>>> print(open('start-v4.cif').read())   # mmCIF, N, CA and C atoms
data_my_file
#
loop_
_atom_site.label_atom_id
_atom_site.label_comp_id
_atom_site.auth_asym_id
_atom_site.auth_seq_id
_atom_site.Cartn_x
_atom_site.Cartn_y
_atom_site.Cartn_z
N MET A 1 -204.22 201.07 -15.53
CA MET A 1 -202.98 200.67 -14.86
C MET A 1 -202.63 201.75 -13.81
N PRO A 2 -202.44 201.35 -12.56
CA PRO A 2 -202.15 202.36 -11.53
C PRO A 2 -200.79 202.99 -11.77
N ARG A 3 -200.69 204.25 -11.42
CA ARG A 3 -199.43 204.97 -11.60
C ARG A 3 -198.44 204.44 -10.56
N ILE A 4 -197.26 204.15 -11.04
CA ILE A 4 -196.22 203.64 -10.15
C ILE A 4 -195.60 204.83 -9.40
N SER A 5 -195.34 204.66 -8.12
CA SER A 5 -194.79 205.76 -7.33
C SER A 5 -193.33 206.02 -7.72
N ASP A 6 -192.87 207.22 -7.43
CA ASP A 6 -191.48 207.57 -7.74
C ASP A 6 -190.52 206.59 -7.09
N ARG A 7 -190.78 206.26 -5.81
CA ARG A 7 -189.83 205.37 -5.13
C ARG A 7 -189.81 203.99 -5.76
N GLN A 8 -190.97 203.49 -6.21
CA GLN A 8 -191.01 202.18 -6.87
C GLN A 8 -190.31 202.23 -8.23
N ARG A 9 -190.52 203.33 -8.95
CA ARG A 9 -189.90 203.50 -10.26
C ARG A 9 -188.37 203.55 -10.12
N ILE A 10 -187.91 204.29 -9.14
CA ILE A 10 -186.47 204.43 -8.91
C ILE A 10 -185.88 203.10 -8.45
N ALA A 11 -186.56 202.43 -7.52
CA ALA A 11 -186.07 201.12 -7.03
C ALA A 11 -185.96 200.14 -8.19
N GLN A 12 -186.96 200.12 -9.09
CA GLN A 12 -186.93 199.19 -10.22
C GLN A 12 -185.80 199.54 -11.18
N ASP A 13 -185.57 200.82 -11.40
CA ASP A 13 -184.49 201.22 -12.30
C ASP A 13 -183.13 200.79 -11.75
N ILE A 14 -182.94 200.99 -10.44
CA ILE A 14 -181.67 200.59 -9.82
C ILE A 14 -181.54 199.07 -9.87
N ARG A 15 -182.65 198.35 -9.59
CA ARG A 15 -182.66 196.89 -9.70
C ARG A 15 -182.21 196.44 -11.09
N ASP A 16 -182.77 197.09 -12.11
CA ASP A 16 -182.42 196.77 -13.50
C ASP A 16 -180.94 197.01 -13.77
N LYS A 17 -180.42 198.12 -13.24
CA LYS A 17 -179.01 198.45 -13.46
C LYS A 17 -178.09 197.46 -12.74
N ILE A 18 -178.53 196.95 -11.59
CA ILE A 18 -177.74 195.93 -10.89
C ILE A 18 -177.79 194.63 -11.70
N ALA A 19 -178.99 194.27 -12.16
CA ALA A 19 -179.17 193.03 -12.92
C ALA A 19 -178.36 193.04 -14.21
N SER A 20 -178.28 194.21 -14.85
CA SER A 20 -177.57 194.32 -16.13
C SER A 20 -176.06 194.42 -15.94
N GLY A 21 -175.63 194.64 -14.69
CA GLY A 21 -174.20 194.77 -14.44
C GLY A 21 -173.70 196.21 -14.53
N GLU A 22 -174.61 197.15 -14.81
CA GLU A 22 -174.20 198.56 -14.87
C GLU A 22 -173.70 199.00 -13.49
N TYR A 23 -174.42 198.53 -12.44
CA TYR A 23 -173.95 198.73 -11.06
C TYR A 23 -173.44 197.37 -10.61
N GLU A 24 -172.14 197.26 -10.39
CA GLU A 24 -171.53 195.97 -10.07
C GLU A 24 -171.48 195.71 -8.57
N PRO A 25 -171.45 194.42 -8.17
CA PRO A 25 -171.33 194.08 -6.74
C PRO A 25 -170.12 194.77 -6.13
N GLY A 26 -170.33 195.40 -4.99
CA GLY A 26 -169.26 196.12 -4.33
C GLY A 26 -169.13 197.55 -4.82
N GLY A 27 -169.81 197.87 -5.91
CA GLY A 27 -169.73 199.21 -6.47
C GLY A 27 -170.58 200.20 -5.69
N LYS A 28 -170.15 201.44 -5.71
CA LYS A 28 -170.86 202.51 -4.99
C LYS A 28 -171.91 203.12 -5.91
N LEU A 29 -173.11 203.32 -5.37
CA LEU A 29 -174.16 203.98 -6.14
C LEU A 29 -173.89 205.48 -6.17
N PRO A 30 -174.48 206.18 -7.15
CA PRO A 30 -174.33 207.65 -7.16
C PRO A 30 -174.88 208.23 -5.85
N SER A 31 -174.47 209.45 -5.54
CA SER A 31 -174.94 210.09 -4.30
C SER A 31 -176.43 210.39 -4.37
N LEU A 32 -177.01 210.62 -3.21
CA LEU A 32 -178.43 210.97 -3.12
C LEU A 32 -178.71 212.20 -3.99
N ARG A 33 -177.83 213.17 -3.94
CA ARG A 33 -178.01 214.40 -4.72
C ARG A 33 -177.97 214.10 -6.21
N GLU A 34 -177.01 213.27 -6.63
CA GLU A 34 -176.91 212.91 -8.05
C GLU A 34 -178.15 212.16 -8.53
N MET A 35 -178.61 211.21 -7.70
CA MET A 35 -179.79 210.44 -8.10
C MET A 35 -181.05 211.29 -8.10
N SER A 36 -181.17 212.21 -7.15
CA SER A 36 -182.32 213.11 -7.13
C SER A 36 -182.38 213.91 -8.42
N ALA A 37 -181.23 214.42 -8.85
CA ALA A 37 -181.17 215.21 -10.08
C ALA A 37 -181.48 214.32 -11.29
N HIS A 38 -180.92 213.12 -11.31
CA HIS A 38 -181.12 212.19 -12.43
C HIS A 38 -182.59 211.82 -12.60
N TYR A 39 -183.27 211.54 -11.49
CA TYR A 39 -184.67 211.11 -11.56
C TYR A 39 -185.65 212.28 -11.50
N GLY A 40 -185.15 213.49 -11.27
CA GLY A 40 -186.01 214.66 -11.22
C GLY A 40 -186.95 214.69 -10.04
N VAL A 41 -186.46 214.21 -8.89
CA VAL A 41 -187.28 214.16 -7.68
C VAL A 41 -186.48 214.72 -6.50
N SER A 42 -187.15 214.91 -5.37
CA SER A 42 -186.45 215.32 -4.15
C SER A 42 -185.69 214.11 -3.61
N ALA A 43 -184.94 214.33 -2.55
CA ALA A 43 -184.14 213.25 -1.97
C ALA A 43 -185.02 212.15 -1.35
N GLU A 44 -186.22 212.53 -0.89
CA GLU A 44 -187.05 211.58 -0.15
C GLU A 44 -187.42 210.31 -0.93
N PRO A 45 -187.94 210.40 -2.17
CA PRO A 45 -188.25 209.16 -2.90
C PRO A 45 -187.01 208.32 -3.19
N VAL A 46 -185.87 208.98 -3.39
CA VAL A 46 -184.63 208.23 -3.63
C VAL A 46 -184.26 207.47 -2.36
N ARG A 47 -184.35 208.14 -1.22
CA ARG A 47 -184.05 207.51 0.06
C ARG A 47 -184.99 206.32 0.29
N SER A 48 -186.27 206.51 -0.01
CA SER A 48 -187.26 205.43 0.15
C SER A 48 -186.93 204.24 -0.76
N ALA A 49 -186.55 204.54 -2.00
CA ALA A 49 -186.19 203.48 -2.95
C ALA A 49 -184.99 202.69 -2.42
N LEU A 50 -184.01 203.39 -1.88
CA LEU A 50 -182.82 202.72 -1.35
C LEU A 50 -183.17 201.85 -0.15
N LEU A 51 -184.13 202.29 0.66
CA LEU A 51 -184.57 201.48 1.81
C LEU A 51 -185.24 200.19 1.33
N ILE A 52 -186.03 200.29 0.26
CA ILE A 52 -186.66 199.10 -0.33
C ILE A 52 -185.58 198.12 -0.78
N LEU A 53 -184.57 198.64 -1.49
CA LEU A 53 -183.50 197.79 -2.01
C LEU A 53 -182.65 197.21 -0.88
N GLN A 54 -182.49 197.98 0.21
CA GLN A 54 -181.75 197.46 1.36
C GLN A 54 -182.52 196.30 1.98
N ALA A 55 -183.84 196.46 2.09
CA ALA A 55 -184.67 195.40 2.67
C ALA A 55 -184.61 194.14 1.81
N GLU A 56 -184.42 194.32 0.51
CA GLU A 56 -184.31 193.17 -0.41
C GLU A 56 -182.90 192.58 -0.42
N GLY A 57 -181.97 193.26 0.25
CA GLY A 57 -180.60 192.77 0.31
C GLY A 57 -179.76 193.09 -0.91
N LEU A 58 -180.24 194.00 -1.76
CA LEU A 58 -179.51 194.33 -2.99
C LEU A 58 -178.44 195.39 -2.79
N VAL A 59 -178.67 196.28 -1.81
CA VAL A 59 -177.69 197.32 -1.52
C VAL A 59 -177.52 197.42 -0.01
N GLU A 60 -176.42 198.03 0.39
CA GLU A 60 -176.22 198.29 1.82
C GLU A 60 -175.63 199.67 1.99
N GLY A 61 -176.15 200.38 2.97
CA GLY A 61 -175.69 201.73 3.24
C GLY A 61 -174.61 201.73 4.30
N HIS A 62 -173.63 202.61 4.11
CA HIS A 62 -172.57 202.78 5.10
C HIS A 62 -172.56 204.25 5.48
N GLN A 63 -172.87 204.53 6.73
CA GLN A 63 -173.00 205.90 7.21
C GLN A 63 -171.81 206.75 6.80
N GLY A 64 -172.09 207.84 6.12
CA GLY A 64 -171.05 208.78 5.73
C GLY A 64 -170.21 208.35 4.55
N LYS A 65 -170.42 207.12 4.04
CA LYS A 65 -169.62 206.63 2.92
C LYS A 65 -170.42 206.43 1.66
N GLY A 66 -171.72 206.15 1.82
CA GLY A 66 -172.54 205.94 0.64
C GLY A 66 -173.25 204.60 0.65
N VAL A 67 -173.87 204.30 -0.48
CA VAL A 67 -174.64 203.06 -0.62
C VAL A 67 -173.93 202.19 -1.66
N TYR A 68 -173.76 200.92 -1.32
CA TYR A 68 -173.02 199.99 -2.17
C TYR A 68 -173.88 198.80 -2.57
N VAL A 69 -173.61 198.28 -3.76
CA VAL A 69 -174.30 197.08 -4.24
C VAL A 69 -173.73 195.88 -3.51
N THR A 70 -174.61 195.00 -3.03
CA THR A 70 -174.13 193.77 -2.39
C THR A 70 -173.78 192.78 -3.48
N GLY A 71 -173.35 191.59 -3.11
CA GLY A 71 -173.00 190.58 -4.10
C GLY A 71 -174.21 189.87 -4.68
N ILE A 72 -175.40 190.19 -4.16
CA ILE A 72 -176.62 189.49 -4.59
C ILE A 72 -177.19 190.18 -5.82
N ARG A 73 -177.49 189.40 -6.84
CA ARG A 73 -178.11 189.97 -8.04
C ARG A 73 -179.59 189.66 -8.02
N PRO A 74 -180.42 190.63 -8.44
CA PRO A 74 -181.86 190.35 -8.49
C PRO A 74 -182.16 189.28 -9.52
N ALA A 75 -183.17 188.49 -9.26
CA ALA A 75 -183.55 187.45 -10.22
C ALA A 75 -184.09 188.12 -11.47
N ALA A 76 -183.58 187.71 -12.61
CA ALA A 76 -184.09 188.26 -13.87
C ALA A 76 -185.46 187.66 -14.14
N ASP A 77 -186.38 188.49 -14.55
CA ASP A 77 -187.75 187.99 -14.83
C ASP A 77 -187.77 187.19 -16.12
#
>>> encode(input="start-v4.cif", output="structure tokens")
Amino acid sequence: MPRISDRQRIAQDIRDKIASGEYEPGGKLPSLREMSAHYGVSAEPVRSALLILQAEGLVEGHQGKGVYVTGIRPAAD
């Protein structure tokens, strides 16, 4: 089984938290610094994960304000 990249692992974890309701629509995600510490990685993989989720329409970034969950929930597998 190929090793999953940090950004994919982080994106999936955030997806799961959105799906479970831990991160609610309109809610603000933790800061880049907080997430880097939580996942034990530098800011770059966290930033990459957020870009993946933005492309999927699950989160949206607001310059200087943070990243927020959109109203769209990921499809549960």
>>> residues_near_point(input="start-v4.cif", point="(-179.1, 199.8, -5.5)", cutoff="7 Å", atoms="all atoms listed in the file", output="list in words")
Ile14, Arg15, Ile18, Leu29, Leu50, Leu53, Gln54, Leu58, Val59, Glu60, Val67, Tyr68 and Val69 of chain A
>>> select_by_dssp(input="start-v4.cif", residues="chain A", states="strand (DSSP E)", output="list in words")
Val59, Glu60, Gly61, His62, Gly66, Val67, Tyr68 and Val69 of chain A
>>> closest_residue(input="start-v4.cif", among="A:Asp6, A:Asp13, A:Ile52, A:Gly66", to="Leu32 (chain A)", atoms="only N, CA and C atoms")
A:Gly66
>>> resolve_selection(input="start-v4.cif", expression="the PyMOL selection byres (((chain A and resi 37-46 and name CA) around 10) and name CA)", output="ChimeraX atom specification")
/A:5-11,13,30-36,47-52
>>> atom_distance(input="start-v4.cif", atom1="CA of Pro2 (chain A)", atom2="CA of Gly57 (chain A)")
26.4 Å
>>> atom_distance(input="start-v4.cif", atom1="atom N of Gly26 (chain A)", atom2="atom N of Thr70 (chain A)")
4.7 Å
>>> atom_distance(input="start-v4.cif", atom1="CA of Tyr23 (chain A)", atom2="CA of Gly71 (chain A)")
10.8 Å
>>> select_by_dssp(input="start-v4.cif", residues="chain A", states="alpha helix (DSSP H)", output="ChimeraX atom specification")
/A:6-20,32-39,43-55
>>> axis_aligned_box(input="start-v4.cif", around="region 10-16 of chain A", padding_each_side="8 Å", output="JSON")
{"center_x": -184.4, "center_y": 200.4, "center_z": -10.4, "size_x": 23.0, "size_y": 24.0, "size_z": 22.7}
>>> build_atoms(input="start-v4.cif", residues="region 31-57 of chain A", atoms="N, CA, C and O atoms", output="compact mmCIF listing (two decimals), in the coordinates of the input")
# COMPACT_ATOMS: atom_id res chain seq x y z
N SER A 31 -174.47 209.45 -5.54
CA SER A 31 -174.94 210.09 -4.30
C SER A 31 -176.43 210.39 -4.37
O SER A 31 -177.03 210.41 -5.45
N LEU A 32 -177.01 210.62 -3.21
CA LEU A 32 -178.43 210.97 -3.12
C LEU A 32 -178.71 212.20 -3.99
O LEU A 32 -179.70 212.23 -4.73
N ARG A 33 -177.83 213.17 -3.94
CA ARG A 33 -178.01 214.40 -4.72
C ARG A 33 -177.97 214.10 -6.21
O ARG A 33 -178.79 214.60 -6.99
N GLU A 34 -177.01 213.27 -6.63
CA GLU A 34 -176.91 212.91 -8.05
C GLU A 34 -178.15 212.16 -8.53
O GLU A 34 -178.67 212.42 -9.61
N MET A 35 -178.61 211.21 -7.70
CA MET A 35 -179.79 210.44 -8.10
C MET A 35 -181.05 211.29 -8.10
O MET A 35 -181.90 211.13 -8.98
N SER A 36 -181.17 212.21 -7.15
CA SER A 36 -182.32 213.11 -7.13
C SER A 36 -182.38 213.91 -8.42
O SER A 36 -183.45 214.07 -9.03
N ALA A 37 -181.23 214.42 -8.85
CA ALA A 37 -181.17 215.21 -10.08
C ALA A 37 -181.48 214.32 -11.29
O ALA A 37 -182.25 214.70 -12.17
N HIS A 38 -180.92 213.12 -11.31
CA HIS A 38 -181.12 212.19 -12.43
C HIS A 38 -182.59 211.82 -12.60
O HIS A 38 -183.10 211.79 -13.72
N TYR A 39 -183.27 211.54 -11.49
CA TYR A 39 -184.67 211.11 -11.56
C TYR A 39 -185.65 212.28 -11.50
O TYR A 39 -186.86 212.09 -11.65
N GLY A 40 -185.15 213.49 -11.27
CA GLY A 40 -186.01 214.66 -11.22
C GLY A 40 -186.95 214.69 -10.04
O GLY A 40 -188.10 215.10 -10.15
N VAL A 41 -186.46 214.21 -8.89
CA VAL A 41 -187.28 214.16 -7.68
C VAL A 41 -186.48 214.72 -6.50
O VAL A 41 -185.28 214.93 -6.62
N SER A 42 -187.15 214.91 -5.37
CA SER A 42 -186.45 215.32 -4.15
C SER A 42 -185.69 214.11 -3.61
O SER A 42 -185.82 213.01 -4.12
N ALA A 43 -184.94 214.33 -2.55
CA ALA A 43 -184.14 213.25 -1.97
C ALA A 43 -185.02 212.15 -1.35
O ALA A 43 -184.62 210.99 -1.30
N GLU A 44 -186.22 212.53 -0.89
CA GLU A 44 -187.05 211.58 -0.15
C GLU A 44 -187.42 210.31 -0.93
O GLU A 44 -187.24 209.21 -0.41
N PRO A 45 -187.94 210.40 -2.17
CA PRO A 45 -188.25 209.16 -2.90
C PRO A 45 -187.01 208.32 -3.19
O PRO A 45 -187.09 207.08 -3.21
N VAL A 46 -185.87 208.98 -3.39
CA VAL A 46 -184.63 208.23 -3.63
C VAL A 46 -184.26 207.47 -2.36
O VAL A 46 -183.93 206.28 -2.40
N ARG A 47 -184.35 208.14 -1.22
CA ARG A 47 -184.05 207.51 0.06
C ARG A 47 -184.99 206.32 0.29
O ARG A 47 -184.56 205.24 0.71
N SER A 48 -186.27 206.51 -0.01
CA SER A 48 -187.26 205.43 0.15
C SER A 48 -186.93 204.24 -0.76
O SER A 48 -187.03 203.09 -0.35
N ALA A 49 -186.55 204.54 -2.00
CA ALA A 49 -186.19 203.48 -2.95
C ALA A 49 -184.99 202.69 -2.42
O ALA A 49 -184.96 201.45 -2.50
N LEU A 50 -184.01 203.39 -1.88
CA LEU A 50 -182.82 202.72 -1.35
C LEU A 50 -183.17 201.85 -0.15
O LEU A 50 -182.60 200.76 0.02
N LEU A 51 -184.13 202.29 0.66
CA LEU A 51 -184.57 201.48 1.81
C LEU A 51 -185.24 200.19 1.33
O LEU A 51 -185.05 199.12 1.91
N ILE A 52 -186.03 200.29 0.26
CA ILE A 52 -186.66 199.10 -0.33
C ILE A 52 -185.58 198.12 -0.78
O ILE A 52 -185.63 196.92 -0.48
N LEU A 53 -184.57 198.64 -1.49
CA LEU A 53 -183.50 197.79 -2.01
C LEU A 53 -182.65 197.21 -0.88
O LEU A 53 -182.17 196.07 -0.98
N GLN A 54 -182.49 197.98 0.21
CA GLN A 54 -181.75 197.46 1.36
C GLN A 54 -182.52 196.30 1.98
O GLN A 54 -181.93 195.28 2.34
N ALA A 55 -183.84 196.46 2.09
CA ALA A 55 -184.67 195.40 2.67
C ALA A 55 -184.61 194.14 1.81
O ALA A 55 -184.72 193.03 2.32
N GLU A 56 -184.42 194.32 0.51
CA GLU A 56 -184.31 193.17 -0.41
C GLU A 56 -182.90 192.58 -0.42
O GLU A 56 -182.65 191.56 -1.06
N GLY A 57 -181.97 193.26 0.25
CA GLY A 57 -180.60 192.77 0.31
C GLY A 57 -179.76 193.09 -0.91
O GLY A 57 -178.69 192.52 -1.10
